[in-house]
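Below is one structure, written out as structure tokens; comments come after it.
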Amino acid sequence: MRRARQTPRGVQDLLPDEFRQRERVGAAVQAVFERWGYEPVTTPAFERLEVLAAAAGWVPEDRLYTLYDREGTPLALRPEMTTPLCRVAATRLKDAPEPIRLCYLADVFRFEEPQAGRRRQFRQAGVELFGVRGPQADAEVIALAVTALAATGVKEAFFDVGHVEFVRGLTDFGPGNESAAQAIRRALCERDYVALAQEAAQADIGAAERRALMALPHLRGGAEVLETARRLVEHVRASARCLAAIDELSAVLAMLDPYSLDGQVRLDLGLLRDIDYYSGMVFEGYAAEVGVPLCTGGRYDPLTAVFGLARPATGFALGLERILFALERQAAAAPSGAEPVRIVRLVVERAEPEVWRFAVRTAERWRAAGLRVALDCGTPSGHAGATVRVSGVGELWWMGEGDAAPERVEPEEVPLRASPR
Amino acid sequence: MPRRDELTMAVPKDRLLEPFAERLSARGIDCTPLLTSSRRLFVKDPKSRLSFILTRSADVATFVEHGAADLGVIGENVLLEQGKRVAVLADLGFGRCSLVVAVPDGSPIRTVQDFDFNSRVATKYPNITARYFGEHGIQVEVVPLSGSVELAPLVGLADAIVDVTETGRTLAENGLRKIATIAESSARLVANTVSLRVHFARIHALAEALKAT
């Protein structure tokens, strides 16, 4: 029986062109991060399960690739970078002065249902900003996300911003009404507006709450939405919580104003990521051609405290595979990098010792001059591009692409001929 | 791919198709091609700027979750079973049915509590079934089938079934009686979550127009 030859589901090999394209997108994003003062870091591919479980719910445990080492320690492949970096911020960086600006480009692993743009191993590029509590930090990460995504070549991306405290305030019905609150938050998270209407109708809540909940999916748009929201929550039980969230969002928008973001950032007060550690602003970035978000982020102050050192924290992650998918769907060009120098094939016809010595020395000289040289014996077939045949010591025959017949050349001539025009 | 002006809707080729076509007509959207095209799976209506794709009901949610269709019509029972990540916009009202547990007439099983880990339950909805019995603290052996589920108890493949029923006639005709209702279901209008953001006003208006009055 033949051995299996495919990769496991949800992961794939990348060949040179695909690899280079992904590297270019990653490099473009990293360049933007570094220009905004972020420093690159990395963490191991696997963590102790108990570290990842600290952010319970961030990625559900049934989505983790878990494993045991030989000592029986439960481990898991990292499903995201935020939790590991909170761990780093509380350990190796515990004495670092704030603010701490970290960026990363890393593969993460999730046992998801694979589909367009969703893989089981995928690369995230993201940032964490530790130590700044105010709206300028939230505005900075939003503006940075918009700028970084634009640098990848994705066109017409748009971002929606919300605040978890607004939704939590609207679903704060008081002690004893927790199950109705949970049901409604679940409906909002799952974007089941039919269930939302049903739960809101059934729940033992006031008319003001009901009205506000039904209006929630419509609270989208520009800054005017905040005024509508203010009036809407006036009489709800936890209106103070909602109003505080609106004030924060208003402050974030004000700080975003000077960044030239071209109307790409809008409000969506119904945006909810039902993860306990999000504590304030949340946002997502999209392209119309891709059915899942390209970017997710927000403020998650409580998470660092889990590792013993409380620091305010905000950040985001971009999914590179989804970005590549968007570029493909948009028929947009990925960021251009330097074209790789073409390979020159140096082919030795007969591997006699002196001829071979000459060929190796010649290859070394050309490589030192910056050429990419592949050295072979015999007749390589099927490769496009320039070939240089070594028929004897000092005897080189150049055959360029499209040439009908080879031409005798001196070794010094080849680097000039082989450079891209 | 330039920003589209057209929205694509995945529509199932099952008992939901006709009532949905009626609903569309009632709202002034012409869809006779939907009903008359036997082989064509892709139908455009330029006036309403809607395109329809005809799929199997089990696949509607897949098209919508991927974004290959912006919108879809799907029974709540299928949605519950598949657990796909789509936005649920409206209860369309038609396609009402119940998801029930049924046993053969002569069966000693009277209530759900009479099941035990030896009981075999045949169904097209293994996830819903496992979840339902799990919630009642009972572990049963679930036998997934893709159709003709009513046959299973008759030929000794299962002790009970979980299936949808509208009038109860099919159950009765196959010597089965309902002992519990798991859920009521009707057709839903669903949307891809990103399409919903891109075309919010238009999709919302469409949902309002199409929902059950």
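Each chain in the structure tokens gets a letter, A, B, ..., in the order shown, and its residues are numbered from 1; ligands are numbered from 1 in order too.
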
key: Interface list for chain B, partner chain A, 10 Å threshold, only C-alpha atoms, as a count of residues only   = 35

Would you give me, as a PyMOL selection string, the residues in segment 40-137 of chain B that DSSP reads as strand (DSSP E)?
chain B and resi 42-45+50-55+71-75+87-91+97-104+120-123

Residues flagged helix (DSSP H, G or I) by DSSP in segment 232-309 of chain A, as a PDB file with all heavy atoms, in the first residue's frame:
```pdb
ATOM      1  N   LEU A 232     -30.276  56.624  23.220  1.00  0.00           N
ATOM      2  CA  LEU A 232     -30.876  55.301  23.330  1.00  0.00           C
ATOM      3  C   LEU A 232     -30.666  54.674  24.705  1.00  0.00           C
ATOM      4  O   LEU A 232     -31.538  53.962  25.211  1.00  0.00           O
ATOM      5  CB  LEU A 232     -30.248  54.402  22.262  1.00  0.00           C
ATOM      6  CG  LEU A 232     -31.018  53.215  21.742  1.00  0.00           C
ATOM      7  CD1 LEU A 232     -32.377  53.621  21.225  1.00  0.00           C
ATOM      8  CD2 LEU A 232     -30.225  52.580  20.611  1.00  0.00           C
ATOM      9  N   SER A 239     -26.942  52.404  32.329  1.00  0.00           N
ATOM     10  CA  SER A 239     -26.618  53.437  31.349  1.00  0.00           C
ATOM     11  C   SER A 239     -25.260  54.083  31.619  1.00  0.00           C
ATOM     12  O   SER A 239     -24.560  54.483  30.689  1.00  0.00           O
ATOM     13  CB  SER A 239     -27.711  54.500  31.308  1.00  0.00           C
ATOM     14  OG  SER A 239     -27.742  55.205  32.527  1.00  0.00           O
ATOM     15  N   ALA A 240     -24.858  54.137  32.885  1.00  0.00           N
ATOM     16  CA  ALA A 240     -23.566  54.752  33.179  1.00  0.00           C
ATOM     17  C   ALA A 240     -22.440  54.002  32.484  1.00  0.00           C
ATOM     18  O   ALA A 240     -21.501  54.589  31.928  1.00  0.00           O
ATOM     19  CB  ALA A 240     -23.337  54.777  34.693  1.00  0.00           C
ATOM     20  N   ARG A 241     -22.554  52.658  32.508  1.00  0.00           N
ATOM     21  CA  ARG A 241     -21.537  51.823  31.855  1.00  0.00           C
ATOM     22  C   ARG A 241     -21.502  52.096  30.356  1.00  0.00           C
ATOM     23  O   ARG A 241     -20.432  52.216  29.752  1.00  0.00           O
ATOM     24  CB  ARG A 241     -21.923  50.367  32.116  1.00  0.00           C
ATOM     25  CG  ARG A 241     -20.796  49.465  32.419  1.00  0.00           C
ATOM     26  CD  ARG A 241     -21.316  48.118  32.887  1.00  0.00           C
ATOM     27  NE  ARG A 241     -20.362  47.091  32.545  1.00  0.00           N
ATOM     28  CZ  ARG A 241     -20.534  45.789  32.767  1.00  0.00           C
ATOM     29  NH1 ARG A 241     -21.661  45.379  33.325  1.00  0.00           N
ATOM     30  NH2 ARG A 241     -19.623  44.927  32.428  1.00  0.00           N
ATOM     31  N   CYS A 242     -22.691  52.171  29.750  1.00  0.00           N
ATOM     32  CA  CYS A 242     -22.763  52.411  28.305  1.00  0.00           C
ATOM     33  C   CYS A 242     -22.225  53.790  27.963  1.00  0.00           C
ATOM     34  O   CYS A 242     -21.500  53.971  26.988  1.00  0.00           O
ATOM     35  CB  CYS A 242     -24.207  52.303  27.821  1.00  0.00           C
ATOM     36  SG  CYS A 242     -24.927  50.675  28.061  1.00  0.00           S
ATOM     37  N   LEU A 243     -22.614  54.772  28.772  1.00  0.00           N
ATOM     38  CA  LEU A 243     -22.185  56.138  28.477  1.00  0.00           C
ATOM     39  C   LEU A 243     -20.672  56.285  28.618  1.00  0.00           C
ATOM     40  O   LEU A 243     -20.030  56.990  27.830  1.00  0.00           O
ATOM     41  CB  LEU A 243     -22.913  57.128  29.394  1.00  0.00           C
ATOM     42  CG  LEU A 243     -24.404  57.283  29.077  1.00  0.00           C
ATOM     43  CD1 LEU A 243     -25.095  58.110  30.156  1.00  0.00           C
ATOM     44  CD2 LEU A 243     -24.620  57.940  27.717  1.00  0.00           C
ATOM     45  N   ALA A 244     -20.106  55.584  29.593  1.00  0.00           N
ATOM     46  CA  ALA A 244     -18.648  55.630  29.743  1.00  0.00           C
ATOM     47  C   ALA A 244     -17.977  55.055  28.505  1.00  0.00           C
ATOM     48  O   ALA A 244     -16.970  55.589  28.016  1.00  0.00           O
ATOM     49  CB  ALA A 244     -18.226  54.851  30.983  1.00  0.00           C
ATOM     50  N   ALA A 245     -18.552  53.977  27.961  1.00  0.00           N
ATOM     51  CA  ALA A 245     -17.997  53.372  26.751  1.00  0.00           C
ATOM     52  C   ALA A 245     -18.103  54.345  25.579  1.00  0.00           C
ATOM     53  O   ALA A 245     -17.175  54.488  24.781  1.00  0.00           O
ATOM     54  CB  ALA A 245     -18.727  52.073  26.433  1.00  0.00           C
ATOM     55  N   ILE A 246     -19.243  55.019  25.482  1.00  0.00           N
ATOM     56  CA  ILE A 246     -19.429  55.981  24.389  1.00  0.00           C
ATOM     57  C   ILE A 246     -18.412  57.113  24.508  1.00  0.00           C
ATOM     58  O   ILE A 246     -17.826  57.553  23.513  1.00  0.00           O
ATOM     59  CB  ILE A 246     -20.871  56.535  24.396  1.00  0.00           C
ATOM     60  CG1 ILE A 246     -21.861  55.423  24.059  1.00  0.00           C
ATOM     61  CG2 ILE A 246     -21.014  57.676  23.395  1.00  0.00           C
ATOM     62  CD1 ILE A 246     -23.314  55.838  24.190  1.00  0.00           C
ATOM     63  N   ASP A 247     -18.191  57.575  25.746  1.00  0.00           N
ATOM     64  CA  ASP A 247     -17.203  58.645  25.936  1.00  0.00           C
ATOM     65  C   ASP A 247     -15.823  58.198  25.492  1.00  0.00           C
ATOM     66  O   ASP A 247     -15.086  58.941  24.838  1.00  0.00           O
ATOM     67  CB  ASP A 247     -17.146  59.057  27.419  1.00  0.00           C
ATOM     68  CG  ASP A 247     -18.363  59.866  27.822  1.00  0.00           C
ATOM     69  OD1 ASP A 247     -19.022  60.436  26.931  1.00  0.00           O
ATOM     70  OD2 ASP A 247     -18.658  59.921  29.041  1.00  0.00           O
ATOM     71  N   GLU A 248     -15.475  56.948  25.839  1.00  0.00           N
ATOM     72  CA  GLU A 248     -14.157  56.445  25.435  1.00  0.00           C
ATOM     73  C   GLU A 248     -14.036  56.376  23.930  1.00  0.00           C
ATOM     74  O   GLU A 248     -13.023  56.771  23.357  1.00  0.00           O
ATOM     75  CB  GLU A 248     -13.936  55.039  26.012  1.00  0.00           C
ATOM     76  CG  GLU A 248     -13.150  55.064  27.292  1.00  0.00           C
ATOM     77  CD  GLU A 248     -12.732  53.670  27.759  1.00  0.00           C
ATOM     78  OE1 GLU A 248     -12.304  52.864  26.903  1.00  0.00           O
ATOM     79  OE2 GLU A 248     -12.843  53.427  28.966  1.00  0.00           O
ATOM     80  N   LEU A 249     -15.091  55.859  23.287  1.00  0.00           N
ATOM     81  CA  LEU A 249     -15.053  55.769  21.826  1.00  0.00           C
ATOM     82  C   LEU A 249     -14.954  57.145  21.202  1.00  0.00           C
ATOM     83  O   LEU A 249     -14.249  57.344  20.203  1.00  0.00           O
ATOM     84  CB  LEU A 249     -16.285  55.041  21.290  1.00  0.00           C
ATOM     85  CG  LEU A 249     -16.212  53.523  21.294  1.00  0.00           C
ATOM     86  CD1 LEU A 249     -17.510  52.956  20.742  1.00  0.00           C
ATOM     87  CD2 LEU A 249     -15.039  53.026  20.461  1.00  0.00           C
ATOM     88  N   SER A 250     -15.654  58.087  21.775  1.00  0.00           N
ATOM     89  CA  SER A 250     -15.609  59.452  21.264  1.00  0.00           C
ATOM     90  C   SER A 250     -14.179  59.994  21.355  1.00  0.00           C
ATOM     91  O   SER A 250     -13.676  60.621  20.409  1.00  0.00           O
ATOM     92  CB  SER A 250     -16.582  60.306  22.072  1.00  0.00           C
ATOM     93  OG  SER A 250     -16.606  61.599  21.574  1.00  0.00           O
ATOM     94  N   ALA A 251     -13.528  59.701  22.470  1.00  0.00           N
ATOM     95  CA  ALA A 251     -12.151  60.153  22.643  1.00  0.00           C
ATOM     96  C   ALA A 251     -11.225  59.464  21.640  1.00  0.00           C
ATOM     97  O   ALA A 251     -10.320  60.094  21.073  1.00  0.00           O
ATOM     98  CB  ALA A 251     -11.683  59.872  24.069  1.00  0.00           C
ATOM     99  N   VAL A 252     -11.457  58.167  21.395  1.00  0.00           N
ATOM    100  CA  VAL A 252     -10.620  57.442  20.434  1.00  0.00           C
ATOM    101  C   VAL A 252     -10.793  58.044  19.037  1.00  0.00           C
ATOM    102  O   VAL A 252      -9.826  58.276  18.316  1.00  0.00           O
ATOM    103  CB  VAL A 252     -10.974  55.933  20.415  1.00  0.00           C
ATOM    104  CG1 VAL A 252     -10.279  55.232  19.270  1.00  0.00           C
ATOM    105  CG2 VAL A 252     -10.595  55.285  21.739  1.00  0.00           C
ATOM    106  N   LEU A 253     -12.040  58.306  18.652  1.00  0.00           N
ATOM    107  CA  LEU A 253     -12.283  58.892  17.328  1.00  0.00           C
ATOM    108  C   LEU A 253     -11.604  60.248  17.205  1.00  0.00           C
ATOM    109  O   LEU A 253     -11.050  60.590  16.151  1.00  0.00           O
ATOM    110  CB  LEU A 253     -13.785  59.048  17.081  1.00  0.00           C
ATOM    111  CG  LEU A 253     -14.572  57.786  16.779  1.00  0.00           C
ATOM    112  CD1 LEU A 253     -16.020  58.158  16.437  1.00  0.00           C
ATOM    113  CD2 LEU A 253     -13.974  57.017  15.616  1.00  0.00           C
ATOM    114  N   ALA A 254     -11.662  61.021  18.286  1.00  0.00           N
ATOM    115  CA  ALA A 254     -11.035  62.341  18.242  1.00  0.00           C
ATOM    116  C   ALA A 254      -9.527  62.209  18.023  1.00  0.00           C
ATOM    117  O   ALA A 254      -8.931  62.946  17.233  1.00  0.00           O
ATOM    118  CB  ALA A 254     -11.318  63.093  19.546  1.00  0.00           C
ATOM    119  N   MET A 255      -8.907  61.232  18.684  1.00  0.00           N
ATOM    120  CA  MET A 255      -7.463  61.051  18.521  1.00  0.00           C
ATOM    121  C   MET A 255      -7.121  60.439  17.169  1.00  0.00           C
ATOM    122  O   MET A 255      -6.021  60.600  16.664  1.00  0.00           O
ATOM    123  CB  MET A 255      -6.916  60.173  19.641  1.00  0.00           C
ATOM    124  CG  MET A 255      -7.236  60.745  21.016  1.00  0.00           C
ATOM    125  SD  MET A 255      -5.842  60.778  22.118  1.00  0.00           S
ATOM    126  CE  MET A 255      -4.958  62.167  21.553  1.00  0.00           C
ATOM    127  N   LEU A 256      -8.073  59.760  16.555  1.00  0.00           N
ATOM    128  CA  LEU A 256      -7.840  59.185  15.231  1.00  0.00           C
ATOM    129  C   LEU A 256      -7.900  60.234  14.146  1.00  0.00           C
ATOM    130  O   LEU A 256      -7.335  60.067  13.067  1.00  0.00           O
ATOM    131  CB  LEU A 256      -8.917  58.135  14.912  1.00  0.00           C
ATOM    132  CG  LEU A 256      -8.618  56.682  15.242  1.00  0.00           C
ATOM    133  CD1 LEU A 256      -9.828  55.849  14.893  1.00  0.00           C
ATOM    134  CD2 LEU A 256      -7.408  56.196  14.464  1.00  0.00           C
ATOM    135  N   PRO A 302      -7.203  43.099  31.378  1.00  0.00           N
ATOM    136  CA  PRO A 302      -7.081  42.095  32.446  1.00  0.00           C
ATOM    137  C   PRO A 302      -6.122  40.947  32.161  1.00  0.00           C
ATOM    138  O   PRO A 302      -5.736  40.239  33.083  1.00  0.00           O
ATOM    139  CB  PRO A 302      -8.505  41.543  32.574  1.00  0.00           C
ATOM    140  CG  PRO A 302      -9.383  42.513  31.915  1.00  0.00           C
ATOM    141  CD  PRO A 302      -8.567  43.152  30.839  1.00  0.00           C
ATOM    142  N   LEU A 303      -5.727  40.747  30.909  1.00  0.00           N
ATOM    143  CA  LEU A 303      -4.983  39.519  30.595  1.00  0.00           C
ATOM    144  C   LEU A 303      -3.585  39.501  31.198  1.00  0.00           C
ATOM    145  O   LEU A 303      -3.096  38.473  31.661  1.00  0.00           O
ATOM    146  CB  LEU A 303      -4.910  39.328  29.076  1.00  0.00           C
ATOM    147  CG  LEU A 303      -4.266  38.022  28.598  1.00  0.00           C
ATOM    148  CD1 LEU A 303      -4.922  36.810  29.248  1.00  0.00           C
ATOM    149  CD2 LEU A 303      -4.358  37.924  27.085  1.00  0.00           C
ATOM    150  N   THR A 304      -2.915  40.643  31.233  1.00  0.00           N
ATOM    151  CA  THR A 304      -1.543  40.631  31.739  1.00  0.00           C
ATOM    152  C   THR A 304      -1.509  40.279  33.229  1.00  0.00           C
ATOM    153  O   THR A 304      -0.577  39.630  33.697  1.00  0.00           O
ATOM    154  CB  THR A 304      -0.868  41.989  31.541  1.00  0.00           C
ATOM    155  OG1 THR A 304      -1.691  42.995  32.141  1.00  0.00           O
ATOM    156  CG2 THR A 304      -0.712  42.301  30.067  1.00  0.00           C
ATOM    157  N   ALA A 305      -2.537  40.715  33.965  1.00  0.00           N
ATOM    158  CA  ALA A 305      -2.553  40.469  35.417  1.00  0.00           C
ATOM    159  C   ALA A 305      -2.514  38.986  35.727  1.00  0.00           C
ATOM    160  O   ALA A 305      -1.976  38.570  36.763  1.00  0.00           O
ATOM    161  CB  ALA A 305      -3.799  41.095  36.030  1.00  0.00           C
TER     162      ALA A 305
END
```

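With atom CA of Cys31 of chain B on one side and atom CA of Arg202 of chain B on the other, the separation reads 18.8 Å.
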
message = Excluding segment 17-23 of chain B and its own-chain neighbours fewer than 3 positions away, which residues fall within 8 Å of it when counting only C-alpha atoms? Please give them as JSON, numbers by chain.
response = {"B": [11, 12, 13, 14, 26, 27, 31, 32, 34, 35, 94, 95, 210]}

Write the selection just made, keeping N, CA, C and O atoms, as a PDB file, in the first residue's frame?
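To be explicit, this is the file written out as result-v6.pdb:
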```
ATOM      1  N   VAL B  11     -30.135  29.410  -2.626  1.00  0.00           N
ATOM      2  CA  VAL B  11     -31.497  28.965  -2.380  1.00  0.00           C
ATOM      3  C   VAL B  11     -31.536  27.435  -2.490  1.00  0.00           C
ATOM      4  O   VAL B  11     -30.971  26.879  -3.426  1.00  0.00           O
ATOM      5  N   PRO B  12     -32.167  26.754  -1.530  1.00  0.00           N
ATOM      6  CA  PRO B  12     -32.105  25.288  -1.564  1.00  0.00           C
ATOM      7  C   PRO B  12     -33.121  24.688  -2.516  1.00  0.00           C
ATOM      8  O   PRO B  12     -34.234  25.183  -2.666  1.00  0.00           O
ATOM      9  N   LYS B  13     -32.687  23.591  -3.145  1.00  0.00           N
ATOM     10  CA  LYS B  13     -33.592  22.886  -4.060  1.00  0.00           C
ATOM     11  C   LYS B  13     -34.407  21.895  -3.262  1.00  0.00           C
ATOM     12  O   LYS B  13     -34.293  20.705  -3.422  1.00  0.00           O
ATOM     13  N   ASP B  14     -35.220  22.379  -2.346  1.00  0.00           N
ATOM     14  CA  ASP B  14     -36.028  21.433  -1.575  1.00  0.00           C
ATOM     15  C   ASP B  14     -37.401  22.063  -1.320  1.00  0.00           C
ATOM     16  O   ASP B  14     -37.810  22.965  -2.032  1.00  0.00           O
ATOM     17  N   ALA B  26     -44.312  37.898  -4.240  1.00  0.00           N
ATOM     18  CA  ALA B  26     -45.189  38.787  -3.484  1.00  0.00           C
ATOM     19  C   ALA B  26     -44.505  40.117  -3.194  1.00  0.00           C
ATOM     20  O   ALA B  26     -45.160  41.132  -2.971  1.00  0.00           O
ATOM     21  N   ARG B  27     -43.169  40.122  -3.162  1.00  0.00           N
ATOM     22  CA  ARG B  27     -42.437  41.362  -2.917  1.00  0.00           C
ATOM     23  C   ARG B  27     -41.910  41.973  -4.199  1.00  0.00           C
ATOM     24  O   ARG B  27     -41.043  42.835  -4.172  1.00  0.00           O
ATOM     25  N   CYS B  31     -38.849  35.592 -10.021  1.00  0.00           N
ATOM     26  CA  CYS B  31     -37.937  34.467  -9.877  1.00  0.00           C
ATOM     27  C   CYS B  31     -38.477  33.230 -10.571  1.00  0.00           C
ATOM     28  O   CYS B  31     -38.103  32.115 -10.208  1.00  0.00           O
ATOM     29  N   THR B  32     -39.352  33.421 -11.551  1.00  0.00           N
ATOM     30  CA  THR B  32     -39.864  32.244 -12.256  1.00  0.00           C
ATOM     31  C   THR B  32     -38.713  31.416 -12.840  1.00  0.00           C
ATOM     32  O   THR B  32     -38.791  30.199 -12.858  1.00  0.00           O
ATOM     33  N   LEU B  34     -36.104  30.644 -11.475  1.00  0.00           N
ATOM     34  CA  LEU B  34     -35.676  29.765 -10.375  1.00  0.00           C
ATOM     35  C   LEU B  34     -36.448  28.456 -10.388  1.00  0.00           C
ATOM     36  O   LEU B  34     -35.916  27.393 -10.138  1.00  0.00           O
ATOM     37  N   LEU B  35     -37.744  28.572 -10.674  1.00  0.00           N
ATOM     38  CA  LEU B  35     -38.572  27.381 -10.593  1.00  0.00           C
ATOM     39  C   LEU B  35     -38.545  26.581 -11.879  1.00  0.00           C
ATOM     40  O   LEU B  35     -38.672  25.370 -11.856  1.00  0.00           O
ATOM     41  N   PHE B  94     -42.063  30.454   6.611  1.00  0.00           N
ATOM     42  CA  PHE B  94     -42.550  29.233   5.976  1.00  0.00           C
ATOM     43  C   PHE B  94     -41.604  28.075   6.311  1.00  0.00           C
ATOM     44  O   PHE B  94     -40.630  28.236   7.021  1.00  0.00           O
ATOM     45  N   GLY B  95     -41.976  26.904   5.792  1.00  0.00           N
ATOM     46  CA  GLY B  95     -41.147  25.729   6.053  1.00  0.00           C
ATOM     47  C   GLY B  95     -41.204  25.277   7.492  1.00  0.00           C
ATOM     48  O   GLY B  95     -40.272  24.681   8.005  1.00  0.00           O
ATOM     49  N   LEU B 210     -38.541  40.598   3.213  1.00  0.00           N
ATOM     50  CA  LEU B 210     -38.808  39.175   3.011  1.00  0.00           C
ATOM     51  C   LEU B 210     -39.298  38.455   4.252  1.00  0.00           C
ATOM     52  O   LEU B 210     -39.835  37.358   4.162  1.00  0.00           O
TER      53      LEU B 210
END
```

Taken to one decimal, the atom CA of Glu80 of chain A-atom CA of Phe111 of chain A distance is 12.2 Å

Item to complete: Provide the atom CA of Arg311 of chain A to atom CA of Gly131 of chain A distance in Å, to one decimal place.
Response: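 Computed distance, atom CA of Arg311 of chain A to atom CA of Gly131 of chain A, equals 5.4 Å.
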
Quick one: residues within 9 Å of segment 142-158 of chain B, only C-alpha atoms counted, chain neighbours fewer than 5 positions away excluded, as a PyMOL selection string? chain B and resi 103-104+119-126+129-130+163+170-171+174-176

Q: Excluding Arg56 of chain B and any residue of its chain fewer than 2 positions from it, enumerate the residues within 12 Å of it, using only C-alpha atoms, and give them as a PyMOL selection string.
A: chain B and resi 10-17+41+53-54+58-63+72-75+78

- Any idea what's packed within 12 Å of Trp397 of chain A, counting only C-alpha atoms, ignoring anything in its chain fewer than 4 positions away? Could you give it as a VMD selection string? chain A and resid 345 to 349 386 to 393 403 405 to 411 413 to 414

Grab the residues selected above and save them as a CSV table (one decimal), in the first residue's frame with N, CA, C and O atoms.
```
chain,number,residue,atom,x,y,z
A,345,ARG,N,23.0,28.6,-14.6
A,345,ARG,CA,23.4,27.2,-14.4
A,345,ARG,C,24.7,27.0,-15.1
A,345,ARG,O,24.9,27.2,-16.3
A,346,LEU,N,25.7,26.5,-14.3
A,346,LEU,CA,27.0,26.2,-14.8
A,346,LEU,C,27.1,24.7,-14.9
A,346,LEU,O,26.9,24.0,-13.9
A,347,VAL,N,27.2,24.2,-16.2
A,347,VAL,CA,27.1,22.8,-16.4
A,347,VAL,C,28.5,22.3,-16.9
A,347,VAL,O,29.0,22.7,-17.9
A,348,VAL,N,29.0,21.3,-16.2
A,348,VAL,CA,30.3,20.7,-16.5
A,348,VAL,C,30.0,19.5,-17.4
A,348,VAL,O,29.3,18.5,-16.9
A,349,GLU,N,30.5,19.4,-18.6
A,349,GLU,CA,30.2,18.3,-19.5
A,349,GLU,C,30.9,17.0,-19.0
A,349,GLU,O,30.3,16.0,-18.9
A,386,ALA,N,19.6,31.2,-18.3
A,386,ALA,CA,21.0,31.1,-18.9
A,386,ALA,C,21.7,29.9,-18.5
A,386,ALA,O,21.6,29.5,-17.3
A,387,THR,N,22.4,29.2,-19.4
A,387,THR,CA,23.2,28.1,-19.1
A,387,THR,C,24.6,28.4,-19.6
A,387,THR,O,24.8,29.0,-20.7
A,388,VAL,N,25.6,28.0,-18.8
A,388,VAL,CA,27.0,28.2,-19.3
A,388,VAL,C,27.7,26.8,-19.2
A,388,VAL,O,27.7,26.2,-18.2
A,389,ARG,N,28.1,26.3,-20.4
A,389,ARG,CA,28.7,25.0,-20.4
A,389,ARG,C,30.2,25.0,-20.3
A,389,ARG,O,30.8,25.9,-20.9
A,390,VAL,N,30.7,24.1,-19.5
A,390,VAL,CA,32.2,24.1,-19.3
A,390,VAL,C,32.6,22.9,-20.1
A,390,VAL,O,32.4,21.7,-19.8
A,391,SER,N,33.3,23.1,-21.3
A,391,SER,CA,33.7,22.0,-22.1
A,391,SER,C,35.2,21.7,-21.9
A,391,SER,O,35.7,20.6,-22.2
A,392,GLY,N,35.9,22.6,-21.2
A,392,GLY,CA,37.3,22.3,-20.9
A,392,GLY,C,37.8,23.4,-20.0
A,392,GLY,O,37.0,24.3,-19.7
A,393,VAL,N,39.0,23.3,-19.5
A,393,VAL,CA,39.5,24.3,-18.6
A,393,VAL,C,39.6,25.7,-19.4
A,393,VAL,O,40.2,25.8,-20.4
A,403,ASP,N,18.5,31.9,-27.2
A,403,ASP,CA,19.6,31.8,-28.1
A,403,ASP,C,19.5,30.5,-28.9
A,403,ASP,O,19.1,29.5,-28.4
A,405,ALA,N,22.1,29.2,-30.6
A,405,ALA,CA,23.4,28.4,-30.5
A,405,ALA,C,24.2,29.0,-29.4
A,405,ALA,O,24.2,30.2,-29.1
A,406,PRO,N,25.1,28.2,-28.8
A,406,PRO,CA,25.9,28.7,-27.7
A,406,PRO,C,27.1,29.6,-28.3
A,406,PRO,O,27.5,29.4,-29.4
A,407,GLU,N,27.6,30.5,-27.4
A,407,GLU,CA,28.6,31.4,-27.8
A,407,GLU,C,29.8,31.3,-26.9
A,407,GLU,O,29.6,31.3,-25.7
A,408,ARG,N,31.0,31.3,-27.4
A,408,ARG,CA,32.2,31.2,-26.5
A,408,ARG,C,32.4,32.5,-25.8
A,408,ARG,O,32.2,33.6,-26.3
A,409,VAL,N,32.6,32.4,-24.4
A,409,VAL,CA,32.8,33.6,-23.6
A,409,VAL,C,33.9,33.5,-22.6
A,409,VAL,O,34.3,32.3,-22.3
A,410,GLU,N,34.4,34.6,-22.2
A,410,GLU,CA,35.4,34.6,-21.1
A,410,GLU,C,34.7,34.6,-19.8
A,410,GLU,O,33.6,35.1,-19.7
A,411,PRO,N,35.3,34.0,-18.7
A,411,PRO,CA,34.6,34.0,-17.4
A,411,PRO,C,34.2,35.4,-16.9
A,411,PRO,O,33.1,35.5,-16.3
A,413,GLU,N,33.1,37.8,-18.5
A,413,GLU,CA,31.9,38.4,-19.3
A,413,GLU,C,30.6,37.9,-18.7
A,413,GLU,O,29.6,38.6,-18.9
A,414,VAL,N,30.6,36.8,-18.1
A,414,VAL,CA,29.3,36.2,-17.7
A,414,VAL,C,28.5,37.0,-16.7
A,414,VAL,O,27.3,37.2,-16.8
```

### Task
Mind checking which residues fall within 6 Å of Ala180 of chain A, counting only C-alpha atoms, ignoring those fewer than 3 positions away in the same chain, and posting them as a VMD selection string?
chain A and resid 177 183 203

Please, could you write that set of residues out with C-alpha atoms as a short mmCIF file (atom, residue, chain, number, x, y, z; two decimals), in the first residue's frame?
```
data_model
loop_
_atom_site.label_atom_id
_atom_site.label_comp_id
_atom_site.auth_asym_id
_atom_site.auth_seq_id
_atom_site.Cartn_x
_atom_site.Cartn_y
_atom_site.Cartn_z
CA ASN A 177 -31.10 37.90 35.31
CA ALA A 183 -28.50 34.28 25.97
CA ALA A 203 -36.51 38.45 28.87
#
```
